[in-house]
file model_36.txt (compact mmCIF, C-alpha atoms)
# COMPACT_ATOMS: atom_id res chain seq x y z
CA MET O 143 -64.48 22.53 -24.72
CA SER O 144 -63.37 18.92 -24.15
CA HIS O 145 -60.09 18.33 -25.96
CA SER O 146 -59.34 14.62 -25.56
CA GLY O 147 -58.38 11.57 -27.57
CA ILE O 148 -55.31 9.79 -28.89
CA GLY O 149 -53.49 11.10 -31.94
CA ARG O 150 -51.41 8.66 -33.97
CA HIS O 151 -48.60 10.03 -36.12
CA ALA O 152 -46.54 8.05 -38.64
CA ALA O 153 -42.77 8.02 -38.80
CA GLY O 154 -41.42 11.21 -40.32
CA ASP O 155 -44.75 13.08 -40.16
CA ARG O 156 -44.55 16.86 -40.00
CA LEU O 157 -47.28 19.12 -38.71
CA PRO O 158 -46.72 22.69 -39.93
CA ARG O 159 -47.07 25.53 -37.46
CA HIS O 160 -50.69 25.78 -36.33
CA ARG O 161 -52.61 27.53 -33.57
CA HIS O 162 -55.08 26.26 -30.96
CA VAL O 163 -57.94 28.47 -29.80
CA HIS O 164 -58.39 26.40 -26.63
CA GLY O 165 -55.74 25.13 -24.27
CA TYR O 166 -55.05 21.43 -23.86
CA VAL O 167 -52.53 18.94 -22.50
CA ALA O 168 -50.48 16.59 -24.71
CA LEU O 169 -49.05 13.44 -23.11
CA VAL O 170 -46.69 11.26 -25.18
CA LEU O 171 -47.56 7.58 -24.80
CA ALA O 172 -45.09 6.13 -27.33
CA GLY O 173 -42.51 7.32 -29.84
CA GLY O 174 -41.37 10.89 -29.89
CA TYR O 175 -41.18 14.19 -31.75
CA GLU O 176 -39.65 17.64 -31.72
CA GLU O 177 -42.00 20.51 -30.98
CA ALA O 178 -41.12 24.13 -31.71
CA GLY O 179 -43.66 26.56 -30.37
CA ASP O 180 -44.41 29.68 -28.39
CA GLY O 181 -42.65 28.27 -25.34
CA GLY O 182 -39.49 27.16 -27.16
CA ARG O 183 -38.30 23.94 -28.76
CA LEU O 184 -38.24 20.59 -26.97
CA ALA O 185 -37.76 16.87 -27.62
CA ALA O 186 -40.84 14.94 -26.47
CA ARG O 187 -40.55 11.26 -25.52
CA PRO O 188 -42.80 8.75 -23.69
CA GLY O 189 -44.01 10.38 -20.49
CA THR O 190 -43.44 13.94 -21.70
CA VAL O 191 -46.28 16.35 -20.94
CA VAL O 192 -46.67 19.58 -22.91
CA ILE O 193 -49.12 22.20 -21.61
CA HIS O 194 -50.59 24.22 -24.48
CA ASP O 195 -52.21 27.48 -23.44
CA ARG O 196 -54.98 29.31 -25.31
CA TRP O 197 -53.92 30.74 -28.68
CA ALA O 198 -50.61 28.83 -28.56
CA ALA O 199 -48.94 27.85 -31.85
CA HIS O 200 -46.37 25.16 -32.63
CA GLN O 201 -45.00 22.85 -35.30
CA ASP O 202 -44.11 19.17 -34.80
CA HIS O 203 -41.59 16.84 -36.48
CA PHE O 204 -42.12 13.16 -35.64
CA GLY O 205 -39.24 10.72 -35.32
CA ALA O 206 -38.49 7.40 -36.99
CA GLY O 207 -40.92 5.55 -34.72
CA GLY O 208 -43.81 7.98 -35.11
CA ALA O 209 -45.77 8.76 -31.95
CA ARG O 210 -48.96 8.16 -29.99
CA VAL O 211 -50.08 11.27 -28.14
CA LEU O 212 -52.94 11.52 -25.65
CA ASN O 213 -54.68 14.90 -25.72
CA LEU O 214 -56.47 15.93 -22.54
CA PRO O 215 -58.49 18.94 -21.35
CA ALA O 216 -56.60 22.05 -20.26
CA LEU O 217 -55.05 22.29 -16.79
CA PRO O 218 -55.30 25.89 -15.51
CA GLY O 219 -52.35 26.77 -13.34
CA LEU O 220 -49.82 24.56 -15.12
CA ALA O 221 -47.52 25.82 -17.86
CA GLY O 222 -44.57 24.71 -19.91
CA ALA O 223 -43.51 21.09 -20.22
CA GLY O 224 -42.55 18.23 -17.92
CA SER O 225 -43.27 14.57 -17.44
CA VAL O 226 -45.29 11.95 -15.58
CA ALA O 227 -43.89 8.63 -14.37
CA ASP O 228 -46.79 6.42 -15.52
CA PRO O 229 -48.33 7.65 -18.79
CA ASP O 230 -50.15 4.31 -19.27
CA ALA O 231 -52.10 4.85 -16.03
CA VAL O 232 -53.20 8.24 -17.35
CA ALA O 233 -54.25 6.65 -20.67
CA ARG O 234 -56.34 4.00 -18.86
CA MET O 235 -58.04 6.69 -16.78
CA ALA O 236 -58.74 8.75 -19.92
CA GLU O 237 -60.74 5.88 -21.39
CA ARG O 238 -63.24 6.34 -18.56
CA ASP O 239 -62.91 10.01 -17.62
CA PRO O 240 -60.68 12.50 -19.51
CA LEU O 241 -61.13 15.18 -16.85
CA ALA O 242 -59.99 12.78 -14.12
CA ALA O 243 -57.05 11.79 -16.31
CA ALA O 244 -56.06 15.45 -16.64
CA GLU O 245 -56.16 15.81 -12.86
CA LEU O 246 -54.00 12.70 -12.55
CA VAL O 247 -51.46 14.47 -14.74
CA ARG O 248 -51.67 17.52 -12.48
CA GLY O 249 -50.98 15.42 -9.40
CA SER O 250 -47.87 13.72 -10.83
CA PHE O 251 -46.52 16.46 -13.14
CA ARG O 252 -42.78 17.15 -12.88
CA PRO O 253 -41.51 20.25 -14.75
CA ASP O 254 -38.36 18.68 -16.13
CA ALA O 255 -38.59 18.55 -19.95
CA ALA O 256 -35.30 19.44 -21.62
CA CYS O 257 -35.53 22.36 -24.03
CA ALA O 258 -33.15 22.92 -26.92
CA MET O 259 -30.69 25.78 -26.49
CA ASP O 260 -29.27 26.32 -29.97
CA TRP O 261 -29.15 29.89 -31.30
CA PRO O 262 -32.74 29.79 -32.73
CA ASP O 263 -33.96 28.93 -29.24
CA LEU O 264 -31.92 31.71 -27.65
CA LEU O 265 -33.45 34.12 -30.15
CA ALA O 266 -36.96 32.79 -29.45
CA THR O 267 -36.39 33.40 -25.73
CA ALA O 268 -35.10 36.92 -26.41
CA LEU O 269 -38.13 37.73 -28.57
CA ARG O 270 -40.54 36.47 -25.92
CA ASP O 271 -38.80 38.25 -23.04
CA ASP O 272 -38.26 41.56 -24.86
CA PRO O 273 -40.47 42.07 -27.93
CA ALA O 274 -38.58 45.29 -28.70
CA VAL O 275 -35.21 43.55 -29.16
CA PRO O 276 -33.75 44.47 -32.61
CA ILE O 277 -33.17 41.24 -34.53
CA ALA O 278 -30.22 42.60 -36.54
CA ALA O 279 -28.50 43.83 -33.37
CA TRP O 280 -29.07 40.47 -31.69
CA ALA O 281 -27.54 38.68 -34.71
CA ASP O 282 -24.50 40.99 -34.60
CA ARG O 283 -23.93 40.24 -30.89
CA MET O 284 -24.05 36.51 -31.67
CA GLY O 285 -21.69 36.86 -34.65
CA LEU O 286 -24.40 35.72 -37.08
CA ASP O 287 -25.52 37.10 -40.43
CA PRO O 288 -29.03 38.65 -40.06
CA ALA O 289 -30.28 37.07 -43.30
CA SER O 290 -29.05 33.64 -42.21
CA VAL O 291 -30.70 34.16 -38.83
CA SER O 292 -34.08 34.78 -40.46
CA ARG O 293 -33.82 31.65 -42.65
CA GLY O 294 -32.50 29.41 -39.89
CA PHE O 295 -35.10 30.58 -37.39
CA ALA O 296 -37.90 29.96 -39.90
CA ARG O 297 -36.65 26.40 -40.44
CA ALA O 298 -36.61 25.73 -36.70
CA TYR O 299 -39.88 27.44 -35.76
CA GLY O 300 -41.93 27.58 -38.95
CA VAL O 301 -42.22 31.38 -38.88
CA SER O 302 -39.91 34.37 -39.31
CA PRO O 303 -38.37 36.03 -36.24
CA LYS O 304 -40.40 39.21 -36.87
CA ARG O 305 -43.63 37.23 -37.08
CA TYR O 306 -42.73 35.21 -33.98
CA ARG O 307 -42.11 38.44 -32.07
CA LEU O 308 -45.43 39.97 -33.17
CA GLU O 309 -47.35 36.79 -32.34
CA ALA O 310 -45.72 36.58 -28.90
CA ARG O 311 -46.78 40.18 -28.18
CA THR O 312 -50.29 39.55 -29.51
CA ARG O 313 -50.80 36.33 -27.56
CA ARG O 314 -49.61 37.97 -24.34
CA ALA O 315 -52.15 40.74 -24.94
CA LEU O 316 -54.94 38.26 -25.73
CA LEU O 317 -54.36 36.41 -22.47
CA ALA O 318 -54.65 39.70 -20.57
CA LEU O 319 -57.66 41.02 -22.48
CA ASP O 320 -60.26 39.21 -20.36
CA ARG O 321 -59.23 41.17 -17.25
CA TRP O 322 -58.99 44.61 -18.91
CA GLN O 323 -61.59 47.20 -17.95
CA GLY O 324 -60.38 50.30 -19.79
CA SER O 325 -60.27 51.39 -23.42
CA LEU O 326 -58.72 49.26 -26.14
CA ALA O 327 -56.55 52.18 -27.24
CA VAL O 328 -54.86 52.35 -23.83
CA PHE O 329 -54.62 48.55 -23.69
CA ALA O 330 -52.91 48.46 -27.11
CA ALA O 331 -50.35 51.08 -26.04
CA GLU O 332 -49.59 49.30 -22.78
CA HIS O 333 -48.90 46.06 -24.67
CA GLY O 334 -46.44 47.57 -27.12
CA PHE O 335 -48.61 48.19 -30.20
CA ALA O 336 -48.28 51.37 -32.24
CA ASP O 337 -51.99 52.11 -31.84
CA GLN O 338 -55.38 50.42 -31.54
CA ALA O 339 -55.53 49.76 -35.29
CA HIS O 340 -52.19 47.93 -35.15
CA PHE O 341 -53.46 45.82 -32.25
CA THR O 342 -56.72 45.06 -34.07
CA ARG O 343 -54.91 43.96 -37.24
CA SER O 344 -52.62 41.67 -35.26
CA VAL O 345 -55.51 40.07 -33.37
CA LEU O 346 -57.54 39.63 -36.56
CA ALA O 347 -54.60 37.93 -38.27
CA MET O 348 -54.13 35.54 -35.36
CA THR O 349 -57.73 34.74 -34.41
CA GLY O 350 -60.01 35.87 -37.24
CA HIS O 351 -61.88 38.14 -34.80
CA PRO O 352 -61.40 41.77 -33.70
CA PRO O 353 -60.40 42.26 -30.05
CA ALA O 354 -63.72 43.94 -29.20
CA ARG O 355 -65.53 40.78 -30.30
CA LEU O 356 -63.24 38.55 -28.27
CA LYS O 357 -63.68 40.79 -25.24
CA ALA O 358 -67.47 40.64 -25.59
CA LYS O 359 -67.37 36.84 -25.87
CA SER O 360 -65.25 36.56 -22.72
CA VAL O 361 -67.74 38.77 -20.82
CA GLN O 362 -70.63 36.64 -22.06
CA SER O 363 -68.85 33.44 -21.02
CA ALA O 364 -68.11 34.85 -17.57
CA GLY O 365 -71.76 35.82 -17.17
CA ALA O 366 -72.95 32.38 -18.20
CA SER O 367 -70.55 30.73 -15.76
CA ALA O 368 -71.82 32.91 -12.92
CA ARG O 369 -75.44 31.92 -13.47

call {"tool": "encode", "arguments": {"input": "model_36.txt", "output": "structure tokens"}}
result
Amino acid sequence: MSHSGIGRHAAGDRLPRHRHVHGYVALVLAGGYEEAGDGGRLAARPGTVVIHDRWAAHQDHFGAGGARVLNLPALPGLAGAGSVADPDAVARMAERDPLAAAELVRGSFRPDAACAMDWPDLLATALRDDPAVPIAAWADRMGLDPASVSRGFARAYGVSPKRYRLEARTRRALLALDRWQGSLAVFAAEHGFADQAHFTRSVLAMTGHPPARLKAKSVQSAGASAR
């Protein structure tokens, strides 16, 4: 899939949490916004590059000046967020060749974007690193009321802590599914799901497809690429 083009967002625009089936690269050309997603929360400004992986979700709040954002094809091997020194050069290249523009980003990418580190972001990190972490226990350690934690996290990330934790576990499993050769029941257990049915429900809710269907599609794609 070619994911390219310039998105223009007005001052104060808000994009609710949404998910992308395919990975892509977002390069801020002008303005700025706050993004809260699967990789944390960051302030994007001109030159900021955000790498969105497959199945990644995020919400965006645009600042007083709005923003112009160049979307480019995915860059396998890069992750997270950073910056490039000359976003205008990338934009000029994208007018002729989006794939070459994406490679220009790869060649000048610096992983230096500043991420927010308020308590919602600390909780997001904890939920990604250890999906089994009890939310109430985490709140107690931080001296926070569990109910307030749930509301505040939802405001910052557009989803409850429990949902964020489940989606992080599900996305990690989805990204590993292509390489799995055994049974789905064993796969589900190894990725922290109660059973295969639990895994299937989570994948269906996130993608609209059962994992067996997604696995079959990945095998078909690999076969087509090999021919």

call {"tool": "residues_around", "arguments": {"input": "model_36.txt", "residues": "region 247-258 of chain O", "least_positions_apart": "4", "cutoff": "7 Å", "atoms": "all atoms listed in the file", "output": "VMD selection string"}}
result
chain O and resid 182 to 185 190 223 to 226 232 243 263

call {"tool": "atom_distance", "arguments": {"input": "model_36.txt", "atom1": "CA of Leu241 (chain O)", "atom2": "CA of Ala198 (chain O)"}}
result
20.8 Å

call {"tool": "closest_residue", "arguments": {"input": "model_36.txt", "among": "O:Arg343, O:His160, O:Arg238, O:His203", "to": "Ala186 (chain O)", "atoms": "all atoms listed in the file"}}
result
O:His203

call {"tool": "atom_distance", "arguments": {"input": "model_36.txt", "atom1": "CA of Gln201 (chain O)", "atom2": "CA of Arg156 (chain O)"}}
result
7.6 Å

call {"tool": "atom_distance", "arguments": {"input": "model_36.txt", "atom1": "CA of Leu169 (chain O)", "atom2": "CA of Ala152 (chain O)"}}
result
16.6 Å

call {"tool": "residues_around", "arguments": {"input": "model_36.txt", "residues": "region 350-359 of chain O", "least_positions_apart": "6", "cutoff": "12 Å", "atoms": "only C-alpha atoms", "output": "list in words"}}
result
Arg161, Val163, Trp197, Thr312, Arg313, Ala315, Leu316, Leu317, Ala318, Leu319, Asp320, Arg321, Trp322, Gln323, Gly324, Ser325, Leu326, Ala327, Phe329, Ala330, Gln338, Ala339, His340, Phe341, Thr342, Arg343, Ser344, Gly365 and Ala366 of chain O

call {"tool": "residues_around", "arguments": {"input": "model_36.txt", "residues": "region 213-221 of chain O", "least_positions_apart": "6", "cutoff": "8 Å", "atoms": "only C-alpha atoms", "output": "list in words"}}
result
Met143, Ser144, His145, Ser146, Gly147, Ile148, Gly149, His164, Gly165, Tyr166, Val167, Ala168, Leu169, Ile193, His194, Asp195, Ala236, Pro240, Leu241, Ala243, Ala244, Glu245 and Arg248 of chain O

call {"tool": "decode", "arguments": {"input": "model_36.txt", "residues": "region 321-363 of chain O", "atoms": "N, CA and C atoms", "output": "PDB file, in the first residue's frame"}}
result
ATOM      1  N   ARG O 321       5.112 -14.844  11.848  1.00  0.00           N
ATOM      2  CA  ARG O 321       6.254 -15.768  11.968  1.00  0.00           C
ATOM      3  C   ARG O 321       5.904 -17.055  12.707  1.00  0.00           C
ATOM      4  N   TRP O 322       4.676 -17.164  13.232  1.00  0.00           N
ATOM      5  CA  TRP O 322       4.302 -18.318  14.066  1.00  0.00           C
ATOM      6  C   TRP O 322       3.965 -19.525  13.204  1.00  0.00           C
ATOM      7  N   GLN O 323       4.494 -20.691  13.599  1.00  0.00           N
ATOM      8  CA  GLN O 323       4.257 -21.912  12.847  1.00  0.00           C
ATOM      9  C   GLN O 323       3.408 -22.933  13.588  1.00  0.00           C
ATOM     10  N   GLY O 324       3.150 -22.719  14.866  1.00  0.00           N
ATOM     11  CA  GLY O 324       2.420 -23.703  15.654  1.00  0.00           C
ATOM     12  C   GLY O 324       0.929 -23.424  15.706  1.00  0.00           C
ATOM     13  N   SER O 325       0.278 -23.966  16.736  1.00  0.00           N
ATOM     14  CA  SER O 325      -1.166 -23.804  16.877  1.00  0.00           C
ATOM     15  C   SER O 325      -1.498 -22.437  17.473  1.00  0.00           C
ATOM     16  N   LEU O 326      -2.694 -21.949  17.160  1.00  0.00           N
ATOM     17  CA  LEU O 326      -3.125 -20.663  17.697  1.00  0.00           C
ATOM     18  C   LEU O 326      -3.377 -20.735  19.201  1.00  0.00           C
ATOM     19  N   ALA O 327      -3.761 -21.907  19.690  1.00  0.00           N
ATOM     20  CA  ALA O 327      -3.985 -22.052  21.128  1.00  0.00           C
ATOM     21  C   ALA O 327      -2.688 -21.829  21.903  1.00  0.00           C
ATOM     22  N   VAL O 328      -1.603 -22.426  21.442  1.00  0.00           N
ATOM     23  CA  VAL O 328      -0.306 -22.246  22.095  1.00  0.00           C
ATOM     24  C   VAL O 328       0.162 -20.798  21.940  1.00  0.00           C
ATOM     25  N   PHE O 329      -0.035 -20.240  20.763  1.00  0.00           N
ATOM     26  CA  PHE O 329       0.347 -18.848  20.503  1.00  0.00           C
ATOM     27  C   PHE O 329      -0.372 -17.914  21.469  1.00  0.00           C
ATOM     28  N   ALA O 330      -1.695 -18.122  21.640  1.00  0.00           N
ATOM     29  CA  ALA O 330      -2.485 -17.271  22.530  1.00  0.00           C
ATOM     30  C   ALA O 330      -1.950 -17.351  23.957  1.00  0.00           C
ATOM     31  N   ALA O 331      -1.645 -18.553  24.429  1.00  0.00           N
ATOM     32  CA  ALA O 331      -1.132 -18.722  25.791  1.00  0.00           C
ATOM     33  C   ALA O 331       0.216 -18.028  25.959  1.00  0.00           C
ATOM     34  N   GLU O 332       1.070 -18.146  24.963  1.00  0.00           N
ATOM     35  CA  GLU O 332       2.406 -17.556  25.063  1.00  0.00           C
ATOM     36  C   GLU O 332       2.361 -16.032  25.045  1.00  0.00           C
ATOM     37  N   HIS O 333       1.271 -15.464  24.540  1.00  0.00           N
ATOM     38  CA  HIS O 333       1.160 -14.003  24.478  1.00  0.00           C
ATOM     39  C   HIS O 333       0.214 -13.442  25.546  1.00  0.00           C
ATOM     40  N   GLY O 334      -0.074 -14.246  26.561  1.00  0.00           N
ATOM     41  CA  GLY O 334      -0.755 -13.731  27.733  1.00  0.00           C
ATOM     42  C   GLY O 334      -2.269 -13.729  27.689  1.00  0.00           C
ATOM     43  N   PHE O 335      -2.879 -14.447  26.736  1.00  0.00           N
ATOM     44  CA  PHE O 335      -4.333 -14.510  26.666  1.00  0.00           C
ATOM     45  C   PHE O 335      -4.832 -15.732  27.445  1.00  0.00           C
ATOM     46  N   ALA O 336      -6.047 -15.619  27.971  1.00  0.00           N
ATOM     47  CA  ALA O 336      -6.593 -16.703  28.782  1.00  0.00           C
ATOM     48  C   ALA O 336      -6.716 -17.991  27.975  1.00  0.00           C
ATOM     49  N   ASP O 337      -7.109 -17.869  26.715  1.00  0.00           N
ATOM     50  CA  ASP O 337      -7.235 -19.025  25.837  1.00  0.00           C
ATOM     51  C   ASP O 337      -7.359 -18.519  24.396  1.00  0.00           C
ATOM     52  N   GLN O 338      -7.517 -19.445  23.460  1.00  0.00           N
ATOM     53  CA  GLN O 338      -7.604 -19.061  22.052  1.00  0.00           C
ATOM     54  C   GLN O 338      -8.833 -18.197  21.778  1.00  0.00           C
ATOM     55  N   ALA O 339      -9.939 -18.492  22.473  1.00  0.00           N
ATOM     56  CA  ALA O 339     -11.160 -17.706  22.263  1.00  0.00           C
ATOM     57  C   ALA O 339     -10.954 -16.257  22.693  1.00  0.00           C
ATOM     58  N   HIS O 340     -10.256 -16.068  23.809  1.00  0.00           N
ATOM     59  CA  HIS O 340      -9.954 -14.711  24.284  1.00  0.00           C
ATOM     60  C   HIS O 340      -9.106 -13.963  23.257  1.00  0.00           C
ATOM     61  N   PHE O 341      -8.102 -14.630  22.728  1.00  0.00           N
ATOM     62  CA  PHE O 341      -7.246 -14.043  21.699  1.00  0.00           C
ATOM     63  C   PHE O 341      -8.061 -13.691  20.457  1.00  0.00           C
ATOM     64  N   THR O 342      -8.919 -14.594  20.033  1.00  0.00           N
ATOM     65  CA  THR O 342      -9.727 -14.363  18.832  1.00  0.00           C
ATOM     66  C   THR O 342     -10.653 -13.169  19.019  1.00  0.00           C
ATOM     67  N   ARG O 343     -11.292 -13.068  20.174  1.00  0.00           N
ATOM     68  CA  ARG O 343     -12.173 -11.919  20.430  1.00  0.00           C
ATOM     69  C   ARG O 343     -11.401 -10.602  20.397  1.00  0.00           C
ATOM     70  N   SER O 344     -10.213 -10.597  20.971  1.00  0.00           N
ATOM     71  CA  SER O 344      -9.415  -9.378  21.008  1.00  0.00           C
ATOM     72  C   SER O 344      -8.976  -8.959  19.614  1.00  0.00           C
ATOM     73  N   VAL O 345      -8.566  -9.931  18.802  1.00  0.00           N
ATOM     74  CA  VAL O 345      -8.139  -9.631  17.438  1.00  0.00           C
ATOM     75  C   VAL O 345      -9.320  -9.164  16.595  1.00  0.00           C
ATOM     76  N   LEU O 346     -10.468  -9.818  16.751  1.00  0.00           N
ATOM     77  CA  LEU O 346     -11.666  -9.399  16.019  1.00  0.00           C
ATOM     78  C   LEU O 346     -12.051  -7.961  16.364  1.00  0.00           C
ATOM     79  N   ALA O 347     -11.986  -7.622  17.646  1.00  0.00           N
ATOM     80  CA  ALA O 347     -12.357  -6.276  18.067  1.00  0.00           C
ATOM     81  C   ALA O 347     -11.412  -5.230  17.492  1.00  0.00           C
ATOM     82  N   MET O 348     -10.142  -5.586  17.351  1.00  0.00           N
ATOM     83  CA  MET O 348      -9.154  -4.628  16.865  1.00  0.00           C
ATOM     84  C   MET O 348      -9.117  -4.536  15.348  1.00  0.00           C
ATOM     85  N   THR O 349      -9.293  -5.649  14.654  1.00  0.00           N
ATOM     86  CA  THR O 349      -9.061  -5.677  13.205  1.00  0.00           C
ATOM     87  C   THR O 349     -10.293  -5.981  12.371  1.00  0.00           C
ATOM     88  N   GLY O 350     -11.328  -6.568  12.993  1.00  0.00           N
ATOM     89  CA  GLY O 350     -12.491  -7.000  12.231  1.00  0.00           C
ATOM     90  C   GLY O 350     -12.316  -8.359  11.582  1.00  0.00           C
ATOM     91  N   HIS O 351     -11.176  -9.020  11.832  1.00  0.00           N
ATOM     92  CA  HIS O 351     -10.901 -10.335  11.250  1.00  0.00           C
ATOM     93  C   HIS O 351     -10.409 -11.294  12.329  1.00  0.00           C
ATOM     94  N   PRO O 352     -10.714 -12.583  12.226  1.00  0.00           N
ATOM     95  CA  PRO O 352     -10.158 -13.552  13.173  1.00  0.00           C
ATOM     96  C   PRO O 352      -8.679 -13.778  12.872  1.00  0.00           C
ATOM     97  N   PRO O 353      -7.898 -14.190  13.867  1.00  0.00           N
ATOM     98  CA  PRO O 353      -6.462 -14.379  13.644  1.00  0.00           C
ATOM     99  C   PRO O 353      -6.149 -15.405  12.566  1.00  0.00           C
ATOM    100  N   ALA O 354      -6.957 -16.460  12.443  1.00  0.00           N
ATOM    101  CA  ALA O 354      -6.688 -17.454  11.401  1.00  0.00           C
ATOM    102  C   ALA O 354      -6.759 -16.825  10.018  1.00  0.00           C
ATOM    103  N   ARG O 355      -7.705 -15.900   9.821  1.00  0.00           N
ATOM    104  CA  ARG O 355      -7.826 -15.211   8.539  1.00  0.00           C
ATOM    105  C   ARG O 355      -6.615 -14.309   8.277  1.00  0.00           C
ATOM    106  N   LEU O 356      -6.182 -13.598   9.298  1.00  0.00           N
ATOM    107  CA  LEU O 356      -5.020 -12.729   9.142  1.00  0.00           C
ATOM    108  C   LEU O 356      -3.761 -13.542   8.861  1.00  0.00           C
ATOM    109  N   LYS O 357      -3.641 -14.688   9.529  1.00  0.00           N
ATOM    110  CA  LYS O 357      -2.495 -15.558   9.292  1.00  0.00           C
ATOM    111  C   LYS O 357      -2.506 -16.062   7.857  1.00  0.00           C
ATOM    112  N   ALA O 358      -3.670 -16.469   7.373  1.00  0.00           N
ATOM    113  CA  ALA O 358      -3.779 -16.959   5.993  1.00  0.00           C
ATOM    114  C   ALA O 358      -3.415 -15.866   4.997  1.00  0.00           C
ATOM    115  N   LYS O 359      -3.873 -14.630   5.258  1.00  0.00           N
ATOM    116  CA  LYS O 359      -3.565 -13.523   4.355  1.00  0.00           C
ATOM    117  C   LYS O 359      -2.071 -13.229   4.326  1.00  0.00           C
ATOM    118  N   SER O 360      -1.400 -13.338   5.486  1.00  0.00           N
ATOM    119  CA  SER O 360       0.037 -13.076   5.520  1.00  0.00           C
ATOM    120  C   SER O 360       0.803 -14.147   4.748  1.00  0.00           C
ATOM    121  N   VAL O 361       0.333 -15.413   4.822  1.00  0.00           N
ATOM    122  CA  VAL O 361       0.964 -16.499   4.063  1.00  0.00           C
ATOM    123  C   VAL O 361       0.772 -16.282   2.570  1.00  0.00           C
ATOM    124  N   GLN O 362      -0.449 -15.859   2.184  1.00  0.00           N
ATOM    125  CA  GLN O 362      -0.704 -15.591   0.780  1.00  0.00           C
ATOM    126  C   GLN O 362       0.154 -14.453   0.263  1.00  0.00           C
ATOM    127  N   SER O 363       0.313 -13.398   1.065  1.00  0.00           N
ATOM    128  CA  SER O 363       1.135 -12.253   0.659  1.00  0.00           C
ATOM    129  C   SER O 363       2.596 -12.654   0.508  1.00  0.00           C
TER     130      SER O 363
END
